[in-house]
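Structure first, then comments.
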Amino acid sequence: MRERRMTPGTGRGPYSIDDLHALPGRGRDYELEDGRLVQVDRGARHDHVVRRMARSLDRAADPALHVCFGGGWEVGTSSGVRKPDIVVVPREVIRHALVADPPRVLPGTQVRLAVEVIAPATVSERTDRVRKVREYAAVGIPEYWIVEHHPRARIHRLVLEGGIYHARSVVDPGSVLIAEVGQDNGFRVSVDPAELLEI
């Protein structure tokens with residue numbers, strides 16, 4: 001890391017990926033956005049929903065795909081480095097990433113699905129709903145799901161067509177999202193948003 005004092009989350013920069021990885025925990029709780037280190041908002045409810053959604057995807061995924069969750073996986077975008085709550089990528093890509101030291105940033109072109117669980121009334125919420133829609137579309141991620149968990153669970157499924165995400169469905173509790181994800185190594189997933197809050 002360069003010899004200077006960093007002030008994460010203040011918007012001062014510019015910082016690089018080396019600065020991000022020099023933070024405690026390799027910067028697990030931060031993203032790199034236009035040269036700024038931006039803190040990612042999470043919480044117990046958020047993390048619970050992430051785990052439940054990841055399990056649903058993992059049960060359905062083709063064996064050639066791997067479901068990564070927990071904020072430790074990084075995806076390169078035009079803005080810098082994003083850390084989706086869940087990413088689905090080919091298993092071979094993960095093998096190569098794990099061999100690298102440190103693990104490399106996954107190119108957005110290799111991600112089949114990105115999922116962000118919204119942290120309500122935070123800066124992260126606006127980023128997930130606005131900026132990441134543009135960034136994930138620009139790098140060609142075929143599907144982007146936005147998951148709300150407050151006041152009730154709801155899933156917004158966005159599918160990339162012609163370089164722009166189009167809303168395919170908004171699924172409320174009591175309904176079931178049934179989606180065919182991907183073409184090569186695709187998989188069919190079904191999930192009721194109400195299940196995401198179950199214990």
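In the structure tokens, chains take the letters A, B, ... in the order shown, each chain's residues start at 1, and ligands count up from 1 in the order shown.
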
List as a ChimeraX atom specification the protein and nucleic acid residues near A:His21, meaning an atom at most 12 Å away when only C-alpha atoms are counted, but skip any in the same chain fewer than 3 places from it. /A:1,15-18,24-32,37,72,74,81,102-105

Any idea what's packed within 8 Å of A:Gly70, counting only C-alpha atoms, ignoring anything in its chain fewer than 2 positions away? Could you give it as a ChimeraX atom specification? /A:47,50-51,68,72-73,85-86

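With only C-alpha atoms as the basis for measurement, A:Val117 is the residue among A:Leu65, A:Val99, A:Val117, A:Val87 that approaches A:Val147 most closely.
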
Would you compute the distance between atom CA of A:Leu177 and atom CA of A:Glu198? Give it in Å to one decimal. 16.6 Å

A:Val67: which residues within 8 Å, counting only C-alpha atoms, same-chain residues fewer than 6 positions away excluded, as a VMD selection string? chain A and resid 54 57 to 58 61 86 to 89

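Look at A:Leu158: the protein and nucleic acid residues within 10 Å of it, using only C-alpha atoms and passing over chain neighbours fewer than 6 places away, are Leu113, Val133, Ala137, Pro142, Glu143, Tyr144, Trp145, Ile146, Ile164, Tyr165, His166, Ala167, Arg168, Ser169 and Val170 of chain A.
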
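Distance check against A:Arg154 using only C-alpha atoms: of A:Val49, A:Ala179, A:Ile94, A:Ser78, the minimum falls on A:Val49.
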
Within 10 Å of A:Pro120, counting only C-alpha atoms, which residues show up once you throw out same-chain ones fewer than 6 positions away? Write them as a ChimeraX atom specification, please. /A:41-42,46,126,148-151

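Taking atom CA of A:Val189 and atom CA of A:Ser56 as endpoints, the distance between them is 7.4 Å.
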
Once DSSP has gone over the backbone, tell me which residues of stretch 6-66 of chain A are in strand (DSSP E), as a PyMOL selection string. chain A and resi 30-33+36-39+65-66

If DSSP is run on the backbone, what residues of stretch 1-185 of chain A are helix (DSSP H, G or I)? A reply as a ChimeraX atom specification would be ideal. /A:17-22,24-27,44-60,91-99,108-110,123-138

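Look at A:Gly163: the protein and nucleic acid residues within 10 Å of it, using only C-alpha atoms and passing over chain neighbours fewer than 4 places away, are Arg134, Tyr136, Ala137, Ala138, Val139, Gly140, Ile141, Pro142 and Val159 of chain A.
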
Would you write out those residues with N, CA and C atoms, as a PDB file, in the first residue's frame?
ATOM      1  N   ARG A 134     -26.786  -0.261 -13.803  1.00  0.00           N
ATOM      2  CA  ARG A 134     -26.014   0.181 -14.980  1.00  0.00           C
ATOM      3  C   ARG A 134     -24.695  -0.569 -15.090  1.00  0.00           C
ATOM      4  N   TYR A 136     -23.651  -3.529 -13.785  1.00  0.00           N
ATOM      5  CA  TYR A 136     -23.755  -4.955 -14.086  1.00  0.00           C
ATOM      6  C   TYR A 136     -24.218  -5.182 -15.519  1.00  0.00           C
ATOM      7  N   ALA A 137     -25.082  -4.311 -16.012  1.00  0.00           N
ATOM      8  CA  ALA A 137     -25.501  -4.421 -17.416  1.00  0.00           C
ATOM      9  C   ALA A 137     -24.321  -4.146 -18.345  1.00  0.00           C
ATOM     10  N   ALA A 138     -23.511  -3.144 -18.013  1.00  0.00           N
ATOM     11  CA  ALA A 138     -22.390  -2.759 -18.871  1.00  0.00           C
ATOM     12  C   ALA A 138     -21.354  -3.870 -19.015  1.00  0.00           C
ATOM     13  N   VAL A 139     -21.178  -4.699 -17.962  1.00  0.00           N
ATOM     14  CA  VAL A 139     -20.203  -5.791 -18.058  1.00  0.00           C
ATOM     15  C   VAL A 139     -20.848  -7.086 -18.556  1.00  0.00           C
ATOM     16  N   GLY A 140     -22.158  -7.049 -18.807  1.00  0.00           N
ATOM     17  CA  GLY A 140     -22.810  -8.185 -19.450  1.00  0.00           C
ATOM     18  C   GLY A 140     -23.296  -9.297 -18.538  1.00  0.00           C
ATOM     19  N   ILE A 141     -23.557  -9.003 -17.262  1.00  0.00           N
ATOM     20  CA  ILE A 141     -24.109 -10.032 -16.376  1.00  0.00           C
ATOM     21  C   ILE A 141     -25.552 -10.296 -16.812  1.00  0.00           C
ATOM     22  N   PRO A 142     -25.857 -11.536 -17.247  1.00  0.00           N
ATOM     23  CA  PRO A 142     -27.164 -11.812 -17.858  1.00  0.00           C
ATOM     24  C   PRO A 142     -28.365 -11.568 -16.954  1.00  0.00           C
ATOM     25  N   VAL A 159     -33.462  -9.047 -16.294  1.00  0.00           N
ATOM     26  CA  VAL A 159     -32.798  -9.855 -17.310  1.00  0.00           C
ATOM     27  C   VAL A 159     -32.210  -8.929 -18.370  1.00  0.00           C
TER      28      VAL A 159
END

Between atom CA of A:Arg157 and atom CA of A:Pro107, measure the distance and give it in Å to one decimal. 21.4 Å
